[in-house]
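K.L.:
See data_22.txt below, with compact mmCIF, C-alpha atoms.
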```txt
# COMPACT_ATOMS: atom_id res chain seq x y z
CA MET A 810 59.26 115.42 117.08
CA SER A 811 62.38 114.37 115.19
CA PHE A 812 62.44 114.97 111.44
CA ASP A 813 64.80 112.00 110.79
CA GLY A 814 64.13 108.65 109.19
CA LEU A 815 60.92 107.22 107.84
CA TRP A 816 58.62 108.21 110.72
CA PRO A 817 57.82 111.79 109.54
CA TYR A 818 56.66 110.37 106.20
CA ILE A 819 54.38 107.85 107.92
CA TYR A 820 53.11 110.67 110.14
CA ILE A 821 52.37 112.87 107.11
CA ALA A 822 50.74 109.98 105.22
CA ILE A 823 48.38 109.03 108.05
CA ALA A 824 47.67 112.31 109.88
CA GLY A 825 47.83 114.37 106.67
CA TRP A 826 46.94 112.44 103.55
CA LEU A 827 44.51 109.87 104.97
CA ALA A 828 42.86 112.43 107.28
CA THR A 829 42.12 114.66 104.27
CA ASP A 830 41.45 112.25 101.41
CA LEU A 831 38.94 110.25 103.45
CA TRP A 832 36.59 113.25 103.21
CA ARG A 833 37.27 113.75 99.52
CA TRP A 834 36.30 110.10 98.90
CA ALA A 835 33.19 110.51 101.04
CA GLY A 836 32.35 113.55 98.89
CA VAL A 837 32.65 111.49 95.70
CA ILE A 838 30.34 108.79 97.10
CA ALA A 839 27.82 111.41 98.24
CA GLY A 840 28.09 113.52 95.09
CA ASN A 841 27.56 110.48 92.88
CA ARG A 842 24.14 109.94 94.43
CA ILE A 843 22.94 113.53 94.17
CA ASP A 844 20.78 114.59 91.26
CA GLU A 845 22.05 117.81 89.69
CA ARG A 846 18.70 119.55 90.01
CA SER A 847 17.75 118.36 93.47
CA GLU A 848 17.06 120.46 96.53
CA LEU A 849 19.68 118.36 98.36
CA LEU A 850 22.41 119.63 96.03
CA ASN A 851 21.24 123.17 96.73
CA TRP A 852 21.79 122.52 100.44
CA VAL A 853 25.21 120.90 99.83
CA ARG A 854 26.22 123.93 97.73
CA ALA A 855 25.13 126.29 100.48
CA VAL A 856 27.04 124.38 103.18
CA ALA A 857 30.19 124.16 101.03
CA THR A 858 30.03 127.90 100.31
CA ALA A 859 29.44 128.79 103.97
CA LEU A 860 32.43 126.61 104.98
CA VAL A 861 34.72 128.42 102.54
CA ALA A 862 33.24 131.75 103.70
CA ALA A 863 34.14 130.86 107.30
CA VAL A 864 37.74 130.14 106.23
CA ILE A 865 37.80 133.55 104.49
CA ALA A 866 36.43 135.32 107.57
CA LYS A 867 39.07 133.72 109.78
CA LEU A 868 41.87 134.75 107.43
CA ILE A 869 40.64 138.35 107.47
CA VAL A 870 39.61 138.75 111.11
CA PHE A 871 42.18 136.45 112.76
CA PRO A 872 45.23 136.41 110.46
CA THR A 873 48.53 134.80 111.42
CA GLY A 874 52.03 136.19 110.86
CA THR A 875 52.69 139.83 110.03
CA LEU A 876 49.04 140.84 109.79
CA GLU A 877 48.41 139.74 113.37
CA ALA A 878 49.93 143.08 114.40
CA SER A 879 47.79 145.14 112.00
CA PRO A 880 44.54 146.79 113.17
CA LEU A 881 41.27 145.08 112.28
CA TRP A 882 39.83 148.28 110.79
CA LEU A 883 42.66 148.38 108.25
CA ARG A 884 41.93 144.85 107.06
CA LEU A 885 38.17 145.46 106.93
CA GLY A 886 38.76 148.78 105.20
CA ALA A 887 40.91 147.04 102.60
CA VAL A 888 38.17 144.47 101.94
CA MET A 889 35.50 147.20 101.64
CA PHE A 890 37.62 149.36 99.32
CA GLY A 891 38.35 146.25 97.24
CA GLY A 892 34.62 145.46 97.16
CA LEU A 893 33.80 148.98 95.98
CA CYS A 894 36.31 148.74 93.12
CA PHE A 895 35.03 145.25 92.34
CA PHE A 896 31.45 146.46 91.87
CA ILE A 897 32.41 149.42 89.66
CA GLY A 898 35.25 147.54 87.91
CA GLY A 899 33.23 146.29 84.92
CA ARG A 900 35.06 143.72 82.83
CA PHE A 901 38.19 143.82 84.97
CA ARG A 902 36.35 143.74 88.27
CA GLN A 903 38.24 140.77 89.71
CA ILE A 904 41.71 142.22 89.14
CA ALA A 905 40.48 145.70 90.10
CA GLY A 906 38.97 144.43 93.37
CA ILE A 907 41.99 142.38 94.40
CA ALA A 908 44.53 145.05 93.43
CA ALA A 909 42.55 147.76 95.26
CA ALA A 910 42.30 145.70 98.45
CA ILE A 911 46.01 144.85 98.46
CA ALA A 912 47.03 148.44 97.62
CA PHE A 913 44.85 149.75 100.48
CA LEU A 914 46.38 147.22 102.89
CA ALA A 915 49.96 147.92 101.77
CA ALA A 916 49.46 151.69 102.05
CA GLY A 917 47.98 151.27 105.52
CA LEU A 918 50.84 149.02 106.65
CA VAL A 919 53.38 151.59 105.43
CA LEU A 920 51.61 154.56 107.02
CA LEU A 921 51.14 152.76 110.33
CA GLY A 922 54.67 151.38 110.25
CA VAL A 923 53.52 147.81 111.02
CA MET B 720 21.99 110.08 67.53
CA THR B 721 24.96 110.35 69.85
CA ALA B 722 28.39 111.32 68.64
CA PRO B 723 31.09 108.64 69.04
CA PRO B 724 33.52 109.39 71.88
CA ASP B 725 36.49 111.25 70.53
CA PRO B 726 39.75 110.29 72.29
CA GLN B 727 41.43 113.40 70.92
CA SER B 728 38.98 115.67 72.63
CA GLN B 729 39.81 114.19 76.07
CA SER B 730 43.46 115.20 75.73
CA HIS B 731 42.30 118.50 74.27
CA TRP B 732 40.31 119.27 77.43
CA PHE B 733 43.11 118.00 79.67
CA LEU B 734 45.54 120.38 77.94
CA LEU B 735 43.07 123.21 78.21
CA GLY B 736 42.80 122.49 81.94
CA MET B 737 46.60 122.53 82.18
CA ARG B 738 46.58 126.01 80.68
CA GLY B 739 44.71 127.13 83.78
CA ILE B 740 48.12 127.27 85.48
CA PHE B 741 48.49 130.71 83.88
CA SER B 742 45.24 131.96 85.41
CA LEU B 743 44.81 134.47 88.22
CA PRO B 744 43.73 131.85 90.82
CA ALA B 745 46.71 129.61 90.05
CA ILE B 746 49.13 132.52 90.38
CA ILE B 747 47.58 133.63 93.67
CA LEU B 748 47.79 130.08 95.03
CA MET B 749 51.45 129.86 94.00
CA LEU B 750 52.13 133.08 95.89
CA SER B 751 50.42 131.50 98.92
CA PHE B 752 52.70 128.48 98.57
CA VAL B 753 55.72 130.77 98.53
CA GLY B 754 54.42 131.99 101.87
CA PHE B 755 53.97 128.39 103.06
CA ALA B 756 57.54 127.54 102.01
CA ALA B 757 58.78 130.50 104.04
CA PHE B 758 56.73 129.32 107.03
CA THR B 759 58.10 125.75 106.92
CA ALA B 760 61.65 126.92 106.31
CA GLU B 761 61.38 129.08 109.40
CA ALA B 762 59.99 126.09 111.32
CA LYS B 763 62.91 123.95 110.05
CA VAL B 764 60.79 121.18 108.54
CA PRO B 765 63.05 119.42 105.98
CA VAL B 766 62.31 120.44 102.41
CA ASP B 767 61.67 116.91 101.12
CA GLN B 768 58.99 116.44 103.78
CA VAL B 769 57.42 119.78 102.81
CA MET B 770 57.30 118.69 99.16
CA PHE B 771 55.90 115.29 100.20
CA MET B 772 53.06 116.84 102.18
CA THR B 773 52.31 119.35 99.42
CA GLY B 774 51.58 116.45 97.07
CA MET B 775 49.90 114.16 99.60
CA VAL B 776 47.71 116.56 101.59
CA TRP B 777 47.40 119.39 99.07
CA ALA B 778 44.86 121.51 101.01
CA LEU B 779 46.80 124.44 102.46
CA PRO B 780 44.89 124.89 105.77
CA ALA B 781 45.25 121.15 106.52
CA LYS B 782 49.00 121.40 105.93
CA VAL B 783 49.37 124.38 108.22
CA ILE B 784 47.62 122.39 110.97
CA LEU B 785 49.77 119.31 110.21
CA VAL B 786 52.99 121.31 110.49
CA GLY B 787 51.74 122.83 113.73
CA SER B 788 51.11 119.35 115.11
CA MET B 789 54.55 118.12 114.02
CA LEU B 790 56.24 121.08 115.64
CA SER B 791 54.41 120.64 118.94
CA GLY B 792 55.28 116.93 118.96
CA ALA B 793 51.62 115.91 118.97
CA HIS B 794 50.71 112.22 118.99
CA ILE B 795 49.83 110.96 115.51
CA ALA B 796 46.22 110.32 116.60
CA THR B 797 45.86 113.89 117.88
CA ALA B 798 47.30 115.24 114.64
CA PHE B 799 44.94 113.02 112.65
CA LEU B 800 41.94 114.39 114.57
CA ALA B 801 42.96 118.04 114.13
CA VAL B 802 43.66 117.64 110.41
CA THR B 803 40.56 115.57 109.73
CA LEU B 804 38.33 118.17 111.44
CA SER B 805 39.76 120.88 109.21
CA SER B 806 39.19 118.67 106.17
CA VAL B 807 35.54 117.75 106.73
CA ARG B 808 34.71 120.69 104.49
CA MET B 809 36.21 118.72 101.57
CA MET B 810 33.16 116.44 101.63
CA PRO B 811 30.47 118.99 100.69
CA MET B 812 32.89 120.75 98.35
CA VAL B 813 33.58 117.53 96.44
CA ALA B 814 29.92 116.50 96.66
CA ALA B 815 28.90 119.81 95.06
CA LEU B 816 31.54 119.52 92.33
CA ILE B 817 30.95 115.89 91.30
CA PRO B 818 27.45 116.37 89.80
CA GLU B 819 28.88 119.28 87.77
CA ILE B 820 31.74 117.36 86.19
CA ARG B 821 30.72 113.71 85.79
CA ASP B 822 28.57 112.26 83.07
CA ARG B 823 26.72 108.97 83.23
CA ARG B 824 29.72 107.00 82.00
CA THR B 825 32.36 108.47 84.31
CA PRO B 826 33.73 105.58 86.43
CA THR B 827 33.75 106.13 90.19
CA TRP B 828 37.42 105.11 90.56
CA LEU B 829 38.38 107.97 88.25
CA LEU B 830 36.39 110.43 90.36
CA LEU B 831 38.05 109.06 93.52
CA ILE B 832 41.49 109.76 92.03
CA VAL B 833 40.54 113.16 90.63
CA SER B 834 39.00 114.21 93.97
CA HIS B 835 42.49 114.30 95.50
CA PHE B 836 43.15 117.51 93.59
CA VAL B 837 40.19 119.32 95.14
CA ALA B 838 41.16 122.14 97.48
CA ILE B 839 39.63 125.58 97.76
CA THR B 840 41.45 127.13 94.78
CA ALA B 841 40.83 124.25 92.40
CA TRP B 842 37.21 124.05 93.57
CA VAL B 843 36.51 127.74 93.06
CA PHE B 844 38.25 127.64 89.67
CA ALA B 845 36.35 124.54 88.55
CA MET B 846 32.92 125.75 89.73
CA GLU B 847 33.53 128.93 87.71
CA LYS B 848 35.07 127.55 84.48
CA VAL B 849 33.59 124.10 84.05
CA ARG B 850 30.32 125.53 82.71
CA ASP B 851 32.09 126.49 79.48
CA VAL B 852 33.35 122.93 78.97
CA PRO B 853 31.10 120.28 77.36
CA ARG B 854 30.07 117.68 79.92
CA GLY B 855 32.13 114.86 78.37
CA GLY B 856 35.33 116.88 78.76
CA ARG B 857 34.83 118.21 82.29
CA VAL B 858 36.62 115.49 84.27
CA ALA B 859 39.60 115.71 81.88
CA PHE B 860 39.56 119.51 82.15
CA PHE B 861 39.53 119.43 85.95
CA ALA B 862 42.20 116.70 86.08
CA GLY B 863 44.44 118.72 83.75
CA PHE B 864 44.13 121.77 85.96
CA GLY B 865 44.36 119.96 89.31
CA VAL B 866 47.33 117.73 88.46
CA THR B 867 49.29 120.59 86.91
CA LEU B 868 48.56 122.93 89.81
CA THR B 869 49.64 120.33 92.38
CA LEU B 870 52.85 119.29 90.59
CA THR B 871 53.81 122.92 89.93
CA ASN B 872 53.43 123.79 93.59
CA ILE B 873 55.46 120.75 94.74
CA VAL B 874 58.32 121.93 92.50
CA LEU B 875 57.79 125.57 93.49
CA VAL B 876 58.01 124.77 97.21
CA GLY B 877 61.24 122.84 96.60
CA LEU B 878 62.74 125.68 94.58
CA VAL B 879 61.90 128.62 96.83
CA TYR B 880 62.38 126.85 100.21
CA GLY B 881 66.05 127.78 100.41
CA ALA B 882 65.61 131.26 98.96
CA VAL B 883 62.83 132.73 101.08
CA SER B 884 64.39 132.72 104.50
CA GLU B 885 62.81 136.03 105.31
CA PHE B 886 60.46 138.39 103.52
CA PRO B 887 60.00 142.04 104.44
CA PRO B 888 56.85 142.07 106.64
CA ILE B 889 54.81 144.12 104.15
CA VAL B 890 55.38 141.57 101.41
CA SER B 891 54.42 138.59 103.57
CA GLY B 892 51.38 140.47 104.88
CA CYS B 893 50.15 141.22 101.37
CA LEU B 894 50.86 137.65 100.21
CA PHE B 895 48.73 136.38 103.08
CA PHE B 896 45.88 138.78 102.29
CA LEU B 897 45.69 137.82 98.60
CA THR B 898 44.06 134.50 99.41
CA PRO B 899 40.89 135.68 101.22
CA VAL B 900 40.37 138.59 98.83
CA TYR B 901 40.72 136.32 95.82
CA PHE B 902 38.31 133.75 97.29
CA LEU B 903 35.70 136.45 97.91
CA THR B 904 35.77 137.81 94.36
CA SER B 905 35.77 134.33 92.81
CA ILE B 906 32.83 133.02 94.79
CA TRP B 907 30.86 136.15 93.91
CA ILE B 908 31.65 135.81 90.19
CA SER B 909 31.00 132.08 90.01
CA ALA B 910 27.67 132.15 91.92
CA ARG B 911 24.83 130.94 89.74
CA HIS B 912 22.22 130.65 92.47
CA ARG B 913 20.94 133.27 94.85
CA VAL B 914 21.57 130.85 97.73
CA ILE B 915 25.35 131.18 97.14
CA TYR B 916 25.29 134.92 98.00
CA TRP B 917 23.27 134.17 101.13
CA ALA B 918 25.61 131.36 102.19
CA LEU B 919 28.62 133.60 101.58
CA GLY B 920 27.25 136.41 103.75
CA ILE B 921 26.02 134.20 106.59
CA GLY B 922 29.21 132.07 106.47
CA LEU B 923 31.39 135.17 106.82
CA ALA B 924 29.40 136.39 109.83
CA LEU B 925 29.14 133.00 111.57
CA GLY B 926 32.79 132.17 110.79
CA THR B 927 33.81 135.23 112.76
CA ILE B 928 31.41 134.54 115.64
CA PHE B 929 32.28 130.85 116.00
CA ALA B 930 36.01 131.61 115.81
CA VAL B 931 35.48 133.46 119.09
CA VAL B 932 32.97 131.21 120.88
CA ALA B 933 33.99 127.74 119.56
CA PRO B 934 37.44 128.01 117.96
CA GLU B 935 37.94 124.22 117.80
CA TYR B 936 35.03 123.59 115.46
CA ASP B 937 34.40 127.09 114.05
CA ILE B 938 34.65 126.28 110.33
CA LEU B 939 32.49 123.19 110.62
CA LEU B 940 29.77 124.86 112.73
CA ALA B 941 29.69 127.99 110.57
CA GLY B 942 29.43 125.84 107.45
CA VAL B 943 26.69 123.50 108.56
CA ILE B 944 24.59 126.03 110.50
CA GLY B 945 25.20 128.96 108.13
CA GLY B 946 24.74 126.87 104.99
CA THR B 947 21.54 125.32 106.30
CA ALA B 948 20.16 128.73 107.33
CA ALA B 949 20.99 130.21 103.91
CA TRP B 950 19.41 127.26 102.11
CA TRP B 951 16.28 127.29 104.28
CA GLY B 952 15.81 131.06 104.00
CA GLU B 953 16.34 131.15 100.26
CA ARG B 954 13.99 128.23 99.73
CA ALA B 955 11.29 129.91 101.83
CA LEU B 956 11.60 133.08 99.73
CA ARG B 957 11.61 131.05 96.51
CA ARG B 958 8.37 129.33 97.54
CA ARG B 959 6.72 132.63 98.43
CA GLU B 960 7.70 134.04 95.05
CA ALA B 961 6.34 130.95 93.30
CA ALA B 962 3.06 131.19 95.20
CA ARG B 963 2.52 134.76 94.11
```
What do you get writing this file as structure tokens?
P.N.:
Amino acid sequence: MSFDGLWPYIYIAIAGWLATDLWRWAGVIAGNRIDERSELLNWVRAVATALVAAVIAKLIVFPTGTLEASPLWLRLGAVMFGGLCFFIGGRFRQIAGIAAAIAFLAAGLVLLGV
Amino acid sequence: MTAPPDPQSQSHWFLLGMRGIFSLPAIILMLSFVGFAAFTAEAKVPVDQVMFMTGMVWALPAKVILVGSMLSGAHIATAFLAVTLSSVRMMPMVAALIPEIRDRRTPTWLLLIVSHFVAITAWVFAMEKVRDVPRGGRVAFFAGFGVTLTLTNIVLVGLVYGAVSEFPPIVSGCLFFLTPVYFLTSIWISARHRVIYWALGIGLALGTIFAVVAPEYDILLAGVIGGTAAWWGERALRRREAAR
């Protein structure tokens, strides 16, 4: 499509903004009716977490861009090494886990010449 | 006796939320947006349109799909369908967040506005931090964080668009990988219920499986089926423990 004139903005507003915010508004309406201690909220929490987990899995297993050319075992190895450092990292476990995973990935990319 | 509402404390919590821009999740998201700017610059989408969609759509996966649709010249209805399917997940995310942040007096219109700033990063951040904020200040705290994060990234995309024509592959690969690794650690740290760990594990497994067998609806299927299985299993175990 052409990127000139007003049309791209209308396109973004309808196919982007409206398509996304509709669900946020539906979430507000639904969330307003849920009791904080109800079993229903437990289910909603579980579904929301599983959705985000599925996004994470796709980013790791089916990445786009540079990582597309990297082997799956390297990416899984980076996540596992990061997880190991996370669980022994104590107070700094989040930074330790993330830094370890990225360092593992970077080292692998260099060694493999990806 | 209830304390009178203190107008000062609302701005106090808003400012405290704004300070979240210097947190690890905010910095990781900004790095992801640098990657997004590079992607759109390469695709030759004009920078003002990239900034416009950053503010209007906000969720990064939805924007990637939107740009893909624009580039392929998809009909606006087709683009709407693709983006809206990727954004269904906003509903349970917002629905899980709302009971955590509102109090009985929070007006719905305010929640409708504030909900615009929900995307994965802001959601993970809020679910983790909002516990330490008194209930009356939670909406202000989240708004402070969400608005600041969104505006900062609109400006950031505009600033770096021209500069990041091409990264060395190792840098862009590591930028890309930061996001999933950060999400994993944050969800683990912020989990307050056993069911969250179960949903995380099952969601990871089903997300991978459905990406292969049903790539059009993978996220949605993995979320609904995996989340329901995690909830059902955890509840069954909870009942058995209670019966003992």
K.L.:
Between A:Ala887, A:Thr858, A:Asn841, A:Pro817, which has the minimum distance to B:Ile921 (counting only C-alpha atoms)?
P.N.:
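Once distances to B:Ile921 are computed over only C-alpha atoms, the minimum belongs to A:Thr858.
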K.L.:
Just how far from atom CA of B:Val813 is atom CA of B:Val843, in Å to one decimal?
P.N.:
11.1 Å
K.L.:
Just to confirm, what's the straight-line distance from atom CA of B:Ala841 to atom CA of B:Leu748 in Å (one decimal)?
P.N.:
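Atom-to-atom, atom CA of B:Ala841 and atom CA of B:Leu748 are spaced 9.5 Å apart.
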K.L.:
As an exercise, work out the distance from atom CA of B:Ala798 to atom CA of B:Val932 in Å and give it to one decimal place.
P.N.:
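Atom CA of B:Val932 lies 22.3 Å from atom CA of B:Ala798.
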K.L.:
Could you check which of A:Pro872, A:Leu860, A:Leu914, A:Leu881 is closest to chain B, using all atoms listed in the file?
P.N.:
A:Leu860
K.L.:
Compute the chain A side of the contact with chain B at 6 Å, counting only C-alpha atoms, and hand it back as a PyMOL selection string.
P.N.:
chain A and resi 810+824-826+828-829+832-837+839-840+845+852-860+862-863+865-866+875-876
K.L.:
With all atoms listed in the file as the basis for distance, which of B:Asp851, B:Glu953, B:Ile746, B:Ser909 is at the shortest distance from A:Asn851?
P.N.:
B:Glu953
K.L.:
Using only C-alpha atoms, determine which residues lie at most 9 Å from B:Ala862, disregarding the query and same-chain residues fewer than 4 positions distant; provide the list as a PDB file with C-alpha atoms, in the coordinates of the input.
P.N.:
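Writing the result to around09.pdb gives the following:
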```pdb
ATOM      1  CA  PHE B 733      43.110 118.000  79.670  1.00  0.00           C
ATOM      2  CA  GLY B 736      42.800 122.490  81.940  1.00  0.00           C
ATOM      3  CA  MET B 737      46.600 122.530  82.180  1.00  0.00           C
ATOM      4  CA  VAL B 833      40.540 113.160  90.630  1.00  0.00           C
ATOM      5  CA  SER B 834      39.000 114.210  93.970  1.00  0.00           C
ATOM      6  CA  PHE B 836      43.150 117.510  93.590  1.00  0.00           C
ATOM      7  CA  ARG B 857      34.830 118.210  82.290  1.00  0.00           C
ATOM      8  CA  VAL B 858      36.620 115.490  84.270  1.00  0.00           C
ATOM      9  CA  VAL B 866      47.330 117.730  88.460  1.00  0.00           C
ATOM     10  CA  THR B 867      49.290 120.590  86.910  1.00  0.00           C
TER      11      THR B 867
END
```
K.L.:
Rank B:Arg911, B:Arg959, B:His731, B:Arg738 by their smallest atom-to-atom distance to B:Gly855, using all atoms listed in the file, and report the top residue only.
P.N.:
B:His731
K.L.:
Distance cut-off 12 Å, centre (35.2, 147.5, 97.4) in file coordinates, counting all atoms listed in the file: which residues qualify? Return them as a VMD selection string.
P.N.:
(chain A and resid 885 to 898 902 to 913) or (chain B and resid 900 903 to 904)
K.L.:
Generate the output file for the selected residues, C-alpha atoms, as a PDB file, in the coordinates of the input.
P.N.:
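Heads up, here's the output in again.pdb:
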```pdb
ATOM      1  CA  LEU A 885      38.170 145.460 106.930  1.00  0.00           C
ATOM      2  CA  GLY A 886      38.760 148.780 105.200  1.00  0.00           C
ATOM      3  CA  ALA A 887      40.910 147.040 102.600  1.00  0.00           C
ATOM      4  CA  VAL A 888      38.170 144.470 101.940  1.00  0.00           C
ATOM      5  CA  MET A 889      35.500 147.200 101.640  1.00  0.00           C
ATOM      6  CA  PHE A 890      37.620 149.360  99.320  1.00  0.00           C
ATOM      7  CA  GLY A 891      38.350 146.250  97.240  1.00  0.00           C
ATOM      8  CA  GLY A 892      34.620 145.460  97.160  1.00  0.00           C
ATOM      9  CA  LEU A 893      33.800 148.980  95.980  1.00  0.00           C
ATOM     10  CA  CYS A 894      36.310 148.740  93.120  1.00  0.00           C
ATOM     11  CA  PHE A 895      35.030 145.250  92.340  1.00  0.00           C
ATOM     12  CA  PHE A 896      31.450 146.460  91.870  1.00  0.00           C
ATOM     13  CA  ILE A 897      32.410 149.420  89.660  1.00  0.00           C
ATOM     14  CA  GLY A 898      35.250 147.540  87.910  1.00  0.00           C
ATOM     15  CA  ARG A 902      36.350 143.740  88.270  1.00  0.00           C
ATOM     16  CA  GLN A 903      38.240 140.770  89.710  1.00  0.00           C
ATOM     17  CA  ILE A 904      41.710 142.220  89.140  1.00  0.00           C
ATOM     18  CA  ALA A 905      40.480 145.700  90.100  1.00  0.00           C
ATOM     19  CA  GLY A 906      38.970 144.430  93.370  1.00  0.00           C
ATOM     20  CA  ILE A 907      41.990 142.380  94.400  1.00  0.00           C
ATOM     21  CA  ALA A 908      44.530 145.050  93.430  1.00  0.00           C
ATOM     22  CA  ALA A 909      42.550 147.760  95.260  1.00  0.00           C
ATOM     23  CA  ALA A 910      42.300 145.700  98.450  1.00  0.00           C
ATOM     24  CA  ILE A 911      46.010 144.850  98.460  1.00  0.00           C
ATOM     25  CA  ALA A 912      47.030 148.440  97.620  1.00  0.00           C
ATOM     26  CA  PHE A 913      44.850 149.750 100.480  1.00  0.00           C
TER      27      PHE A 913
ATOM     28  CA  VAL B 900      40.370 138.590  98.830  1.00  0.00           C
ATOM     29  CA  LEU B 903      35.700 136.450  97.910  1.00  0.00           C
ATOM     30  CA  THR B 904      35.770 137.810  94.360  1.00  0.00           C
TER      31      THR B 904
END
```
